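Chemist: If it helps, the file is called final.cif and holds mmCIF, C-alpha atoms:
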data_structure
loop_
_atom_site.label_atom_id
_atom_site.label_comp_id
_atom_site.auth_asym_id
_atom_site.auth_seq_id
_atom_site.Cartn_x
_atom_site.Cartn_y
_atom_site.Cartn_z
CA MET H 14 4.15 8.95 27.43
CA GLN H 15 7.67 9.50 26.15
CA ASN H 16 8.14 11.11 22.77
CA ARG H 17 9.39 8.59 20.19
CA SER H 18 9.88 11.06 17.37
CA LEU H 19 13.00 12.03 15.51
CA PRO H 20 15.07 14.88 17.00
CA HIS H 21 14.59 18.36 15.55
CA PRO H 22 13.19 17.24 12.17
CA PRO H 23 12.51 19.57 9.24
CA GLU H 24 8.97 20.20 8.06
CA TRP H 25 9.24 17.51 5.38
CA TYR H 26 11.74 14.87 4.29
CA THR H 27 11.85 14.53 0.51
CA ILE H 28 11.94 11.18 -1.29
CA SER H 29 15.43 12.02 -2.57
CA TYR H 30 16.58 12.52 1.03
CA SER H 31 15.00 9.21 2.05
CA LEU H 32 16.67 7.45 -0.91
CA GLY H 33 20.08 8.82 0.00
CA PHE H 34 19.52 7.84 3.63
CA MET H 35 18.64 4.27 2.60
CA LEU H 36 21.50 3.82 0.11
CA LYS H 37 24.12 4.96 2.63
CA ARG H 38 23.09 2.33 5.20
CA LYS H 39 23.96 -1.24 4.23
CA ARG H 40 21.63 -2.65 6.88
CA LEU H 41 18.63 -0.78 5.49
CA LEU H 42 19.60 -1.54 1.90
CA GLY H 43 20.02 -5.27 2.54
CA TRP H 44 16.76 -5.55 4.44
CA SER H 45 14.99 -3.56 1.72
CA LEU H 46 16.27 -5.96 -0.95
CA LEU H 47 14.98 -8.99 0.95
CA LEU H 48 11.57 -7.38 1.44
CA PHE H 49 11.41 -6.41 -2.24
CA LEU H 50 12.07 -10.01 -3.32
CA ALA H 51 9.50 -11.33 -0.85
CA THR H 52 6.84 -8.79 -1.82
CA VAL H 53 7.21 -9.17 -5.58
CA GLY H 54 7.40 -12.96 -5.29
CA ILE H 55 4.25 -13.30 -3.19
CA THR H 56 2.39 -10.74 -5.30
CA ALA H 57 3.31 -12.39 -8.59
CA ALA H 58 2.44 -15.86 -7.31
CA GLY H 59 -0.89 -14.66 -5.91
CA PHE H 60 -1.69 -12.82 -9.13
CA ASP H 61 -0.98 -15.88 -11.28
CA LEU H 62 -3.01 -18.20 -9.05
CA SER H 63 -6.02 -15.88 -8.83
CA THR H 64 -6.11 -15.10 -12.57
CA ASP H 65 -5.73 -18.81 -13.48
CA TYR H 66 -8.58 -19.67 -11.12
CA ILE H 67 -10.84 -16.91 -12.47
CA ASP H 68 -10.07 -17.86 -16.08
CA SER H 69 -10.82 -21.52 -15.36
CA ILE H 70 -14.24 -20.58 -14.01
CA ALA H 71 -14.99 -18.27 -16.94
CA GLY H 72 -13.27 -20.48 -19.53
CA GLN H 73 -16.46 -21.35 -21.39
CA PHE H 74 -17.40 -17.69 -21.73
CA LEU H 75 -13.92 -16.58 -22.82
CA SER H 76 -13.33 -19.34 -25.36
CA SER H 77 -16.79 -19.63 -26.95
CA PRO H 78 -17.67 -16.55 -29.01
CA PRO H 79 -21.20 -16.40 -30.47
CA ASP H 80 -21.79 -17.09 -34.15
CA SER H 81 -21.23 -13.90 -36.18
CA SER H 82 -22.57 -15.07 -39.54
CA THR H 83 -25.80 -13.02 -39.22
CA ILE H 84 -26.44 -9.37 -38.41
CA TRP H 85 -27.81 -10.24 -34.97
CA GLY H 86 -24.93 -12.64 -34.51
CA MET H 87 -22.47 -9.85 -35.33
CA VAL H 88 -24.13 -7.64 -32.70
CA LYS H 89 -23.84 -10.41 -30.13
CA TYR H 90 -20.21 -11.00 -31.14
CA LYS H 91 -19.35 -7.31 -30.66
CA ALA H 92 -21.07 -7.34 -27.28
CA TRP H 93 -19.22 -10.55 -26.32
CA THR H 94 -15.86 -9.03 -27.36
CA ALA H 95 -16.49 -5.86 -25.33
CA GLY H 96 -17.63 -7.93 -22.35
CA LYS H 97 -14.59 -10.20 -22.62
CA TYR H 98 -12.10 -7.33 -22.54
CA LEU H 99 -13.98 -5.55 -19.74
CA PHE H 100 -14.00 -8.80 -17.77
CA LEU H 101 -10.26 -9.30 -18.30
CA ILE H 102 -9.39 -5.71 -17.31
CA ILE H 103 -11.52 -5.74 -14.15
CA THR H 104 -10.43 -9.20 -13.00
CA ARG H 105 -6.75 -8.33 -13.55
CA ILE H 106 -7.06 -5.14 -11.51
CA VAL H 107 -8.87 -6.95 -8.70
CA SER H 108 -6.40 -9.86 -8.83
CA PHE H 109 -3.45 -7.49 -8.57
CA TYR H 110 -4.77 -5.67 -5.53
CA LEU H 111 -5.83 -8.86 -3.78
CA ALA H 112 -2.42 -10.45 -4.44
CA PHE H 113 -0.58 -7.33 -3.33
CA LEU H 114 -2.69 -7.05 -0.19
CA ILE H 115 -1.86 -10.66 0.69
CA ALA H 116 1.84 -9.89 0.20
CA TYR H 117 1.38 -6.73 2.28
CA CYS H 118 -0.15 -8.71 5.14
CA LEU H 119 2.46 -11.47 5.12
CA THR H 120 5.44 -9.12 4.93
CA SER H 121 4.03 -6.58 7.40
CA PRO H 122 6.29 -7.62 10.34
CA GLY H 123 9.35 -7.25 8.08
CA TYR H 124 8.36 -3.72 7.06
CA VAL H 125 7.69 -2.84 10.69
CA PHE H 126 11.26 -3.95 11.45
CA LEU H 127 12.55 -1.83 8.54
CA SER H 128 10.60 1.18 9.81
CA ILE H 129 11.97 0.79 13.34
CA ALA H 130 15.50 0.34 12.02
CA ALA H 131 15.22 3.50 9.91
CA GLU H 132 13.90 5.51 12.86
CA LYS H 133 16.59 4.14 15.17
CA ILE H 134 19.46 4.92 12.77
CA HIS H 135 18.13 8.39 11.99
CA ALA H 136 17.40 9.32 15.61
CA GLY H 137 20.71 8.00 16.92
CA LYS H 138 21.13 8.55 20.66
CA GLU H 139 17.72 10.21 20.82
CA PHE H 140 15.99 6.95 19.92
CA ILE H 141 13.84 5.47 22.68
CA PRO H 142 13.56 1.67 22.20
CA ASP H 143 10.35 -0.25 22.72
CA GLU H 144 9.85 -1.53 26.22
CA ASN H 145 7.76 -4.52 25.20
CA ILE H 146 9.02 -6.50 22.21
CA SER H 147 7.45 -9.95 22.20
CA ILE H 148 5.68 -12.52 20.05
CA LYS H 149 2.44 -10.94 21.22
CA TYR H 150 3.27 -7.59 19.58
CA ILE H 151 4.64 -9.25 16.43
CA LEU H 152 1.33 -11.11 16.07
CA LEU H 153 -0.50 -7.84 16.80
CA ASP H 154 1.41 -6.14 13.97
CA LEU H 155 0.48 -9.02 11.67
CA PHE H 156 -3.17 -8.79 12.72
CA GLU H 157 -3.23 -5.04 12.12
CA GLY H 158 -1.72 -5.63 8.68
CA ILE H 159 -4.47 -8.15 7.91
CA LYS H 160 -7.12 -5.64 9.04
CA ILE H 161 -5.72 -2.99 6.71
CA GLY H 162 -5.55 -5.58 3.94
CA LEU H 163 -9.22 -6.50 4.41
CA PHE H 164 -10.05 -2.80 4.52
CA GLY H 165 -8.24 -2.53 1.20
CA VAL H 166 -10.45 -5.27 -0.28
CA ILE H 167 -13.53 -3.22 0.65
CA ILE H 168 -11.95 -0.10 -0.84
CA THR H 169 -11.14 -2.00 -4.05
CA VAL H 170 -14.75 -3.11 -4.44
CA VAL H 171 -16.03 0.43 -3.78
CA ALA H 172 -13.46 1.87 -6.21
CA LEU H 173 -14.57 -0.50 -8.96
CA MET H 174 -18.16 0.69 -8.60
CA MET H 175 -17.11 4.35 -8.44
CA ASN H 176 -15.04 3.88 -11.59
CA PHE H 177 -18.21 3.61 -13.70
CA ILE H 178 -19.05 7.27 -12.94
CA PRO H 179 -17.46 9.35 -15.75
CA LEU H 180 -14.63 11.74 -14.69
CA ILE H 181 -15.86 12.28 -11.12
CA GLY H 182 -15.62 8.57 -10.45
CA GLN H 183 -12.02 8.32 -11.68
CA ALA H 184 -10.98 11.36 -9.62
CA ALA H 185 -12.66 9.89 -6.53
CA VAL H 186 -10.97 6.52 -7.06
CA PHE H 187 -7.58 8.23 -7.30
CA LEU H 188 -8.19 10.08 -4.02
CA VAL H 189 -9.36 6.89 -2.31
CA TYR H 190 -6.24 4.99 -3.38
CA THR H 191 -3.99 7.92 -2.42
CA TYR H 192 -5.27 8.04 1.15
CA TYR H 193 -5.37 4.26 1.42
CA SER H 194 -1.73 4.13 0.28
CA ALA H 195 -0.85 6.61 3.02
CA LEU H 196 -2.69 4.42 5.54
CA MET H 197 -0.63 1.38 4.51
CA PHE H 198 2.65 3.22 5.00
CA ILE H 199 1.91 4.99 8.28
CA ASP H 200 0.85 1.59 9.63
CA TYR H 201 4.51 0.68 10.09
CA PRO H 202 5.75 3.56 12.27
CA ALA H 203 2.38 3.69 14.04
CA SER H 204 2.88 0.06 15.10
CA ARG H 205 5.46 1.29 17.64
CA LYS H 206 2.60 3.10 19.34
CA HIS H 207 0.35 0.02 19.06
CA TRP H 208 -2.35 2.10 17.40
CA SER H 209 -5.63 0.57 16.29
CA LEU H 210 -6.93 0.89 12.73
CA GLY H 211 -9.32 3.61 13.94
CA GLN H 212 -6.45 5.64 15.37
CA LYS H 213 -4.51 5.37 12.11
CA ILE H 214 -7.52 6.50 10.10
CA GLY H 215 -7.94 9.36 12.57
CA TRP H 216 -4.32 10.39 11.96
CA ILE H 217 -4.99 10.41 8.19
CA ARG H 218 -8.04 12.60 8.76
CA ASN H 219 -6.19 15.04 11.05
CA HIS H 220 -3.20 15.30 8.69
CA SER H 221 -5.00 15.04 5.36
CA SER H 222 -2.55 17.18 3.35
CA ASP H 223 0.49 15.31 4.70
CA ALA H 224 -1.27 11.99 4.12
CA PHE H 225 -1.98 12.99 0.53
CA ARG H 226 1.72 13.70 -0.03
CA LEU H 227 2.67 10.33 1.46
CA GLY H 228 0.14 8.39 -0.62
CA LEU H 229 0.46 10.24 -3.94
CA VAL H 230 3.47 8.41 -5.40
CA PRO H 231 2.33 4.84 -4.55
CA ALA H 232 -1.18 5.63 -5.83
CA ILE H 233 0.23 6.78 -9.18
CA ILE H 234 2.49 3.74 -9.45
CA SER H 235 -0.35 1.32 -8.67
CA MET H 236 -2.24 2.57 -11.74
CA ILE H 237 0.58 1.82 -14.22
CA PRO H 238 -0.47 -1.30 -16.17
CA LEU H 239 1.82 -4.36 -16.09
CA LEU H 240 4.69 -2.57 -14.32
CA ASN H 241 2.75 -1.76 -11.14
CA ILE H 242 3.62 -5.04 -9.38
CA PHE H 243 7.36 -4.68 -9.96
CA LEU H 244 7.60 -0.92 -9.40
CA LEU H 245 5.48 -0.84 -6.24
CA SER H 246 7.34 -3.82 -4.78
CA LEU H 247 10.68 -2.22 -5.70
CA LEU H 248 9.82 1.14 -4.15
CA PHE H 249 7.87 -0.17 -1.15
CA PRO H 250 10.92 -0.29 1.18
CA LEU H 251 11.95 3.25 0.14
CA LEU H 252 8.40 4.54 0.62
CA THR H 253 8.28 2.82 4.02
CA ILE H 254 11.43 4.65 5.13
CA HIS H 255 10.18 7.91 3.59
CA SER H 256 6.84 7.61 5.41
CA THR H 257 8.55 6.70 8.69
CA LEU H 258 10.78 9.77 8.66
CA ASN H 259 7.88 12.09 7.88
CA PHE H 260 5.44 10.41 10.27
CA CYS H 261 7.94 10.84 13.11
CA ALA H 262 8.62 14.44 12.08
CA ILE H 263 4.89 15.22 12.13
CA GLU H 264 4.49 13.54 15.51
CA TYR H 265 7.42 15.56 16.82
CA ALA H 266 5.79 18.79 15.60
CA ASP H 267 2.47 17.78 17.18
CA ALA H 268 4.17 17.03 20.50
CA ASN H 269 5.90 20.42 20.47
CA GLN H 270 2.62 22.15 19.66
CA GLN H 271 0.91 20.42 22.59
CA MET H 272 3.69 21.47 24.95
CA LYS H 273 3.37 25.11 23.87
CA SER H 274 -0.43 25.20 24.19
#
When written as structure tokens, how does the structure in this file appear?
Modeler:
Amino acid sequence: MQNRSLPHPPEWYTISYSLGFMLKRKRLLGWSLLLFLATVGITAAGFDLSTDYIDSIAGQFLSSPPDSSTIWGMVKYKAWTAGKYLFLIITRIVSFYLAFLIAYCLTSPGYVFLSIAAEKIHAGKEFIPDENISIKYILLDLFEGIKIGLFGVIITVVALMMNFIPLIGQAAVFLVYTYYSALMFIDYPASRKHWSLGQKIGWIRNHSSDAFRLGLVPAIISMIPLLNIFLLSLLFPLLTIHSTLNFCAIEYADANQQMKS
């Protein structure tokens, strides 16, 4: 198999390098803007629809507080208030991730194109184009994006349960989202190799420290209340390019190591 990695890369491309690389290329910048608008639009629409639907189902519970005129009634009212806010927090978190995962799945072919374009521009004459570009592989990329999205739903459910464990649970949730974020971003450059979900997870396992670095920033952003939808959608193209450059650099280093051994 021919090596598809970038020529003579450094050990690590910084986010500032990736930002400068993106801003200096009008093609990458224009495509990134379109993907940002599509991602934030789909995410916001999905979030609004899911929260409206959930609130309509739970409307009676949310709008009918218990009588608080007695001592027992006051206790029930306090419990209802706590339950209401806990319900709203949890449902909003779940709604955000589900909406974002839908946007992720639907825009996956566009981000694959952005990833390939970034690799091609950066590699220059050293770039080896795909031999088989067809509707079949575009649909395969979309299917792989859906698989990762569904995997994300499972992770979200697990994370919600883990979150009830004091301190340890929150730390574990952060790690889970960090590595899952890395998985989402290496999905794009790995699509050129037509890797399965298992192969991508194997790459995360074999390069755990690099994967942590790739997933750290998006994991932190995803936990910022209210602004997470906008910020993650805004930075997603940049993080895609950043992950592509580093994924290819790591693959290049691995290929060289195999040749020497």
Chemist: With all atoms listed in the file as the counted atoms, please give the residues lying no more than 6 Å from region 184-191 of chain H, apart from itself and same-chain residues fewer than 6 positions off, as number ranges by chain.
Modeler: H: 172, 228-229, 232
Chemist: Which neighbours of Tyr192 (chain H) fall inside 12 Å, counting only C-alpha atoms, when residues of the same chain fewer than 3 positions from it are skipped, and could you give them as a ChimeraX atom specification?
Modeler: /H:165,168,185-189,195-199,213-218,220-233
Chemist: Given the PyMOL selection byres ((chain H and resi 51) around 10) and the file above, list the residues it selects as a ChimeraX atom specification.
Modeler: /H:45-50,52-57,116-117,119-120,123,246
Chemist: Pick out the closest residue to Gly59 (chain H) from this set: H:Tyr26, H:Tyr110, H:Tyr201, H:Phe34. Count only C-alpha atoms.
Modeler: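 The shortest atom-to-atom distance to Gly59 (chain H) comes from H:Tyr110.
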Chemist: So the first atom is CA of Ser81 (chain H) and the second is CA of Leu99 (chain H); what is the distance between them in Å, to one decimal place?
Modeler: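 Going from CA of Ser81 (chain H) over to CA of Leu99 (chain H), I get 19.8 Å.
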Chemist: What's the 12 Å shell around Tyr30 (chain H), counting all atoms listed in the file, without same-chain residues fewer than 4 positions away, as a ChimeraX atom specification?
Modeler: /H:23,25-26,34-37,135,251-252,254-256,258-259
Chemist: Quick one: pull the distance between CA of Asn219 (chain H) and CA of Phe164 (chain H), Å, one decimal.
Modeler: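 Going from CA of Asn219 (chain H) over to CA of Phe164 (chain H) covers 19.4 Å.
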Chemist: Which of these residues is nearest to Leu111 (chain H), using only C-alpha atoms: H:Leu163, H:Met87, H:Leu244, H:Val171?
Modeler: H:Leu163
